[in-house]
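Chemist: Let me give you the structure first, and then I'll get to my questions.
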Amino acid sequence: MIRFRCKTERTDFRPIQELPGWLSAILRARGMSTYESAERFLNPDISMLHDPDMLDGMQETVRLIRKAAAEGMKTVVYGDYDVDGVCATAIMLETLREIGISADFRIPDRHTEGYGLHEDIIRDLARDHQLLITVDCGITNIAETKLARELGMTVIVTDHHEPGEILPEADAVMDPLLGDYPFRRLCGAGVALKICQALLGNEGVTRRIELAALATVADVVPLLDENRVIVKEGLKKISSASCRPGITALMRESGINEPLKASGIAFRLAPRLNAGGRLEHAGQCVTLLMTEDSAEADRIAHHLEENNRKRQEIEHAMLGEAEDLIRRDTDFVRDRVLIAAGEDWNNGIIGLTAGRICEKYHYPTIILSVNGDTAVGSCRSIPGVNIYRMLSECADLFERFGGHEQAAGLTIRTERIGELRERLNETVRRNCDPECYLPVGEYDLAIRLKDISLDMTDLLEMLEPTGCGNPPPAFLTTGVYVQEARRVGKDGGHLKLSLLDGDSRLDGIAFSKGYLAEDDLRCIDILYTPQRNEFNGKVTAQAQVAEIRAVPGKNTIPDNDQNFGMLLQEIRRNAANDTGCSGTGETGAVSEASVRMMLKEPQGTLALTFDRNRACSLAAETGADTAIGKVRDGRCFSTVLFAPDMQCLTGQWRKIILADGTAVPGLYDHVRDLFPDAGVFAAAADPGISEKIRSLFMDRDALGAVYLALKKHGNAKAAAGNSGISTERVMTAAAIFEEIGLARVSGNAITLLPSKDKKRIEDSKLWRLLEKL
């Protein structure tokens, strides 16, 4: 069950001048406690950029570039193939050309060369160039940098990734993570923009700030401080008449016809720009961003759109294969990292796949593409697991690796993947808190639905751009009643909600949660962002719901025929196997305190019960997840499972509790057979379940009455409703008839079969077991 946690220990609603109390509280939580700091945050502009000379290495970088311009040195810019890399390359090329350097550029091929500098490329570039400037790469390329200088090149390394213990021996090295620069989380294009600022001032920045904005959002760096200035001003530039032809064409292909937000860059523009390097070569993206020819821009943008469609198809197939491997090979209770390796998976897609799996399962994830004796991997992580540091502990396994806290890349010998799996899992287990694997929904404020209005949604726009480091404000409302929950969208994948809180009603939409429509939710806690919704010319406020949690004790678990069918199925299985009436082995009953203690463990405990009230009380008292029939979530979070379908019971459970005790005959031995490595614990026998099972026994006269009712009405519900016999007894009788060849049962439909031979009730093993009980 997801946990909700407020981002601040104490919420301060005192207004900051004329701002509403709730908005003031959000700003304080994000570090703006005075009117001046709030004003800077809400209205950033280019004048707020830091002095570029504060960056370590900037003065030497500027000196070397001006020297190259004065001496006519042939220069090459070496970039990366993602959005950050191509934008940084474009910014640097335009800046150099504006000061008189006719520079070339080189971006490695993602598929045949991979990330960073390469010795063979360096040798090739050194033939025709005297100055090498890296952007968005190079900080860990020690040997390659040394080679470039040995070959006579002047080398300037500009990067934003985590430096290693040894820095490259370049003529100048610039990385905001070095020194005391006041903002350390620039992206590669942001660093290139600072060089532009140092060389050409804020006027030069204004001419290229939209490129840095694309990269800042796409590279998922915090939208704070300088990055907030870059993205806010960059979005204005993109929306202006002076927008670059390449960006305009890309927006048109993306179907964007409203003012662009940071989310539009993240989910619409960035995937299309990345598609160039993922499927072909990223050089075309540099051309797109720099061209002044609208026809050329349209042609490249359309080609990238086609590449993006192909990328989606490849990603969908790879995601399915990777998830199959993860479900097969992962013990979610023991393992702390998900690793999947596939033959010749597209190197340009493995990062996307790793990101999607990491987001879905909330586990650090590594996806590896195996090509012969070498594998290339992409890593994504979760808060609390610094994947770069964890990989550093296993550095001897890799041919090369690099990255930062939440994302990394690596190259490894194929034969060492198994060793990586073992050592990295052990490293993370030793260094990281297991609590960070539990899904947590963080919220800014707890409010009621009556507080939401269109005025609030308008004020929330002031916090844009939102994203990494400045997420859209999230609100928590507890104890909301669900008037309606239905599937909407393609294949019913989304959930449309009608919510009631006191006298206030609000519509909500929860993307990718359509499956919850079947959960009969009555009362829920929701984590959401208020937004404007325009439909058929009507504008209303609605909740974009990110997380839903059923309120323990306030949601009725349905006690329907299907759920009883699971109990009957288990009794029939026991009767067919002649395993007896108990089958409890040598176990004694564990105490209620022990049952609750085990269920409060985050992962690995499963409690089985056929008693609806028992399921509700255990879930309410322990905070464990609840499920009906089968557990959807493969991560084995501790769960109370009502009416378990034993045929579908899987998972790496460490402890399984029979919450009804030994009331269900043979269940203990069945669970031991299914999970031989798990501890199986029986609580005290539930007299209610025992009595329910005993009540299913019927003598010949009672079975005859059921037979006549079924003959007249044809299905269990109708037969029960018109005869005064309980549906449970009718279903049991039908199972007995089916066993001796008098009926065929399919769900609720029961077909009586003609028989020339006399049938004996005693031939039914189910009937004999019930008689014995």
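Within each chain, counting starts at residue 1; across the structure tokens, chains are named A, B, ... in the order shown, with ligands numbered 1 upward in that order.
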What lies within 7 Å of Thr145 of chain A using only C-alpha atoms, ignoring chain neighbours under 6 positions off, as a ChimeraX atom specification?
Modeler: /A:168-170
Chemist: Out of segment 419-486 of chain A, which residues get helix (DSSP H, G or I) from DSSP, as a PyMOL selection string?
Modeler: chain A and resi 419-431+434-437+449-451+454-463
Chemist: Could you please take those selected residues and save C-alpha atoms as a short mmCIF file (atom, residue, chain, number, x, y, z; two decimals), in the first residue's frame?
Modeler:
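Written file, result_20.cif:
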data_model
loop_
_atom_site.label_atom_id
_atom_site.label_comp_id
_atom_site.auth_asym_id
_atom_site.auth_seq_id
_atom_site.Cartn_x
_atom_site.Cartn_y
_atom_site.Cartn_z
CA GLU A 419 28.71 -11.41 -11.20
CA LEU A 420 27.29 -7.90 -11.60
CA ARG A 421 23.87 -9.14 -10.51
CA GLU A 422 25.27 -10.71 -7.34
CA ARG A 423 27.72 -7.99 -6.34
CA LEU A 424 25.53 -5.00 -7.10
CA ASN A 425 22.57 -6.46 -5.19
CA GLU A 426 24.83 -7.13 -2.22
CA THR A 427 26.29 -3.60 -2.43
CA VAL A 428 22.86 -1.96 -2.45
CA ARG A 429 21.60 -4.23 0.37
CA ARG A 430 24.59 -3.19 2.47
CA ASN A 431 24.38 0.55 1.78
CA PRO A 434 15.04 -0.96 2.47
CA GLU A 435 12.37 1.62 3.32
CA CYS A 436 13.23 3.52 0.13
CA TYR A 437 11.70 0.65 -1.89
CA LEU A 449 -12.27 19.44 -2.15
CA LYS A 450 -14.19 22.61 -1.26
CA ASP A 451 -10.88 24.52 -1.46
CA LEU A 454 -10.59 27.70 -11.13
CA ASP A 455 -8.90 30.61 -9.32
CA MET A 456 -6.64 28.05 -7.61
CA THR A 457 -5.70 26.43 -10.93
CA ASP A 458 -4.83 29.89 -12.33
CA LEU A 459 -2.57 30.64 -9.36
CA LEU A 460 -0.88 27.26 -9.70
CA GLU A 461 0.27 28.33 -13.17
CA MET A 462 2.57 30.83 -11.42
CA LEU A 463 4.71 27.90 -10.24
#
Chemist: Return the single residue from A:Gly629, A:Gly403, A:Gly651, A:Pro383 that is closest to Gln603 of chain A, with distances computed using only C-alpha atoms.
Modeler: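 Smallest separation from Gln603 of chain A among the options: A:Gly651.
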Chemist: Between A:Glu547, A:Asp219, A:Glu36, A:Glu305, which is the closest to Gln406 of chain A once you count only C-alpha atoms?
Modeler: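 The closest residue to Gln406 of chain A is A:Asp219.
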Chemist: Please report the interatomic distance between atom CA of Val745 of chain A and atom CA of Cys648 of chain A in Å with one decimal.
Modeler: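 We find that atom CA of Val745 of chain A and atom CA of Cys648 of chain A lie 20.3 Å from each other.
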